[in-house]
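Please read the structure below before turning to the comments.
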Amino acid sequence: MELLCPWLLIWAEPLLLRASMSAPQKLYEGKAKILYPTDDPNILLTYFKDDATAFNAQKRGSIAHKGEMNCAISSHLFQLLETHGIPTHWVDRPAPNQMRVKAVKILPLEVVVRNIAAGSLCQQTGLELGTVLNPPLVEFYYKNDALGDPLLTLDRLLLLKLATPDQVEQLRAMAMQINQILGDFFVKCGITLVDFKLEFGFDRHQTLLLADEISPDTCRLWNQADSDPKQRVMDKDRFRHDLGGVEAAYQQVLERVLALAAQIER
């Protein structure tokens, strides 16, 4: 969401990548995260911020402890996906709000998977909120803040040479596989995975990796124990629409993810 020139700075001059970690120089700062170099040019340090934005950064604010919560949730979900054969950029989590990741060249695409109609899909199509989508809908958006991250047709995507036809099919297949894994996991947490956004990139070996983060910032999550359209929201929609209780919702997601992850490890 936050990368107009997506992490291309990771391919900066070697001198920059070898910057001293005692006084690290930012490689990139986005709306929710900051990227720093490490001693290994193939590994970056991601710092998760508490800053919150919505509506293409027209609305700004802060959510207490969001950085730590999103970093923890993302770390556990990346590890979950790795165990199911999904290659990710995750390396480890050296601090509560820091994640070490493999350096990748991000594709300028946001891959959105929708299981239930919500948000812009309802606004643009007239579908009723909560309509179950069978099969799930996979959409591609152009990662370009200046253009408002527009929805792309396949022909437009290919016209702009944002990905090859084979890459598009690979992205779609990986997105559907990730959706199945995350959907099953969240159901066990008592949470419905409504929709979510993914970002992918190529590492130095040209392997396609899942990147960015997976958190209440990038997913719509509904509490299965609550049918109230406002009370059930457990994601950034609470911030977007001034529903209140944002930190508590994120914390509840974190606690459920950690609890289930602990059970799986046992």
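Lettering and numbering for the structure tokens are positional, with chains as A, B, ... in the shown order, residues counted from 1 in each chain, and ligands counted from 1 in the shown order.
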
For stretch 11-125 of chain A against stretch 165-176 of chain A, with a cut-off of 9 Å and counting only C-alpha atoms, what is the closest atom pair and its distance in Å to one decimal for every residue that makes the cut, ordered by chain and number, as CSV?
```
residue,atom,partner,partner_atom,distance
A:Ile86,CA,A:Met174,CA,7.6
A:Val111,CA,A:Ala175,CA,7.4
A:Val112,CA,A:Ala175,CA,8.1
A:Val113,CA,A:Ala175,CA,7.0
```

Restrict the selected residues to C-alpha atoms and save them as a JSON list (two decimals), in the first residue's frame.
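Written out: out.json:
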```json
[["chain", "number", "residue", "atom", "x", "y", "z"],
["A", 86, "ILE", "CA", 4.53, -20.62, 0.19],
["A", 111, "VAL", "CA", -3.13, -8.65, -5.49],
["A", 112, "VAL", "CA", -6.47, -8.52, -3.69],
["A", 113, "VAL", "CA", -8.43, -11.66, -2.81]]
```

Give me, as a tab-separated table, the closest atom pair and its distance (Å, one decimal) for every residue of stretch 178-257 of chain A within a cut-off of 12 Å of stretch 48-55 of chain A, counting only C-alpha atoms, rows sorted by chain and rising number.
```
residue	atom	partner	partner_atom	distance
A:Asp212	CA	A:Phe48	CA	10.7
A:Glu213	CA	A:Phe48	CA	9.7
A:Ser215	CA	A:Phe48	CA	11.3
A:Pro216	CA	A:Ala52	CA	11.3
A:Asp217	CA	A:Ala52	CA	8.5
A:Thr218	CA	A:Ala54	CA	11.2
A:Asp235	CA	A:Ala52	CA	11.7
A:Lys236	CA	A:Ala54	CA	8.3
A:Asp237	CA	A:Ala54	CA	8.8
A:Arg238	CA	A:Ala54	CA	10.6
A:Phe239	CA	A:Ala54	CA	7.9
A:Arg240	CA	A:Ala54	CA	5.8
A:His241	CA	A:Ala54	CA	9.4
A:Asp242	CA	A:Ala54	CA	11.1
A:Val246	CA	A:Ala52	CA	10.6
A:Glu247	CA	A:Asp50	CA	10.4
A:Tyr250	CA	A:Asp50	CA	11.9
```

Report the closest atom pair, with its distance in Å rounded to one decimal, for each residue of stretch 35-90 of chain A that has an atom no farther than 9 Å from stretch 194-205 of chain A; count only C-alpha atoms, sort by chain and then rising residue number, and write it as a tab-separated table.
```
residue	atom	partner	partner_atom	distance
A:Asn42	CA	A:Arg204	CA	7.8
A:Thr88	CA	A:Phe200	CA	8.5
A:His89	CA	A:Asp203	CA	8.4
```

Calculate how many Å separate atom CA of A:Ala117 from atom CA of A:Thr131, rounding to one decimal.
5.1 Å

If DSSP is run on the backbone, what residues of stretch 36-77 of chain A are strand (DSSP E or B)? A reply as a list in words would be ideal.
Tyr36, Pro37, Ile43, Leu44, Leu45, Thr46, Tyr47, Phe48, Asp51, Ala52, Thr53, Ala54, Lys59, Arg60, Gly61 and Ser62 of chain A

Same residues, C-alpha atoms, output as a short mmCIF file (atom, residue, chain, number, x, y, z; two decimals), in the first residue's frame:
```cif
data_model
loop_
_atom_site.label_atom_id
_atom_site.label_comp_id
_atom_site.auth_asym_id
_atom_site.auth_seq_id
_atom_site.Cartn_x
_atom_site.Cartn_y
_atom_site.Cartn_z
CA TYR A 36 16.95 -0.20 6.66
CA PRO A 37 20.03 -1.98 5.31
CA ILE A 43 18.73 -8.91 3.97
CA LEU A 44 16.82 -5.80 5.02
CA LEU A 45 15.40 -4.67 8.35
CA THR A 46 11.76 -3.58 8.34
CA TYR A 47 10.57 -1.27 11.12
CA PHE A 48 6.80 -1.30 11.65
CA ASP A 51 1.21 5.43 11.95
CA ALA A 52 -2.16 4.74 10.35
CA THR A 53 -3.49 6.00 7.02
CA ALA A 54 -6.65 5.44 5.01
CA LYS A 59 -6.83 10.30 6.54
CA ARG A 60 -3.90 10.02 8.93
CA GLY A 61 -3.52 9.05 12.56
CA SER A 62 -1.77 6.70 14.92
#
```

DSSP says alpha helix (DSSP H) for which residues of stretch 41-201 of chain A? Put them as a VMD selection string?
chain A and resid 66 to 83 120 to 125 154 to 159 165 to 188

Provide the atom CA of A:Leu193 to atom CA of A:Ser75 distance in Å, to one decimal place.
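If I compute the distance from atom CA of A:Leu193 to atom CA of A:Ser75, I get 17.7 Å.
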
Would you list the contacts of A:Ile73 as a VMD selection string, taking every protein, DNA or RNA residue within 9 Å and counting only C-alpha atoms, but skipping same-chain residues closer than 2 positions in sequence?
chain A and resid 68 to 71 75 to 78 213 to 216 253 to 254 257 to 258

Please determine, counting only C-alpha atoms, which residue among A:Gly190, A:Ala249, A:Leu129, A:Glu110 has the shortest atom-to-atom distance to A:Tyr142.
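Among the listed residues, A:Glu110 lies closest to A:Tyr142.
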
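Taking atom CA of A:Gln224 as the reference point, atom CA of A:Val187 is found at 8.3 Å.
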
Which residue, A:Ile191, A:Arg93, A:Lys31, A:Gly244, has the smallest gap to A:Gln58 when you use only C-alpha atoms?
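The closest residue to A:Gln58 is A:Lys31.
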
Choose the residue, out of A:Ala72, A:Ile116, A:Ile181, A:Cys219, that has the smallest atom-to-atom separation from A:Pro136; count only C-alpha atoms.
A:Ile116

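Nearest residue to A:Arg156, choosing from A:Pro94, A:Phe140, A:Tyr28, A:Ser120 and counting only C-alpha atoms: A:Phe140.
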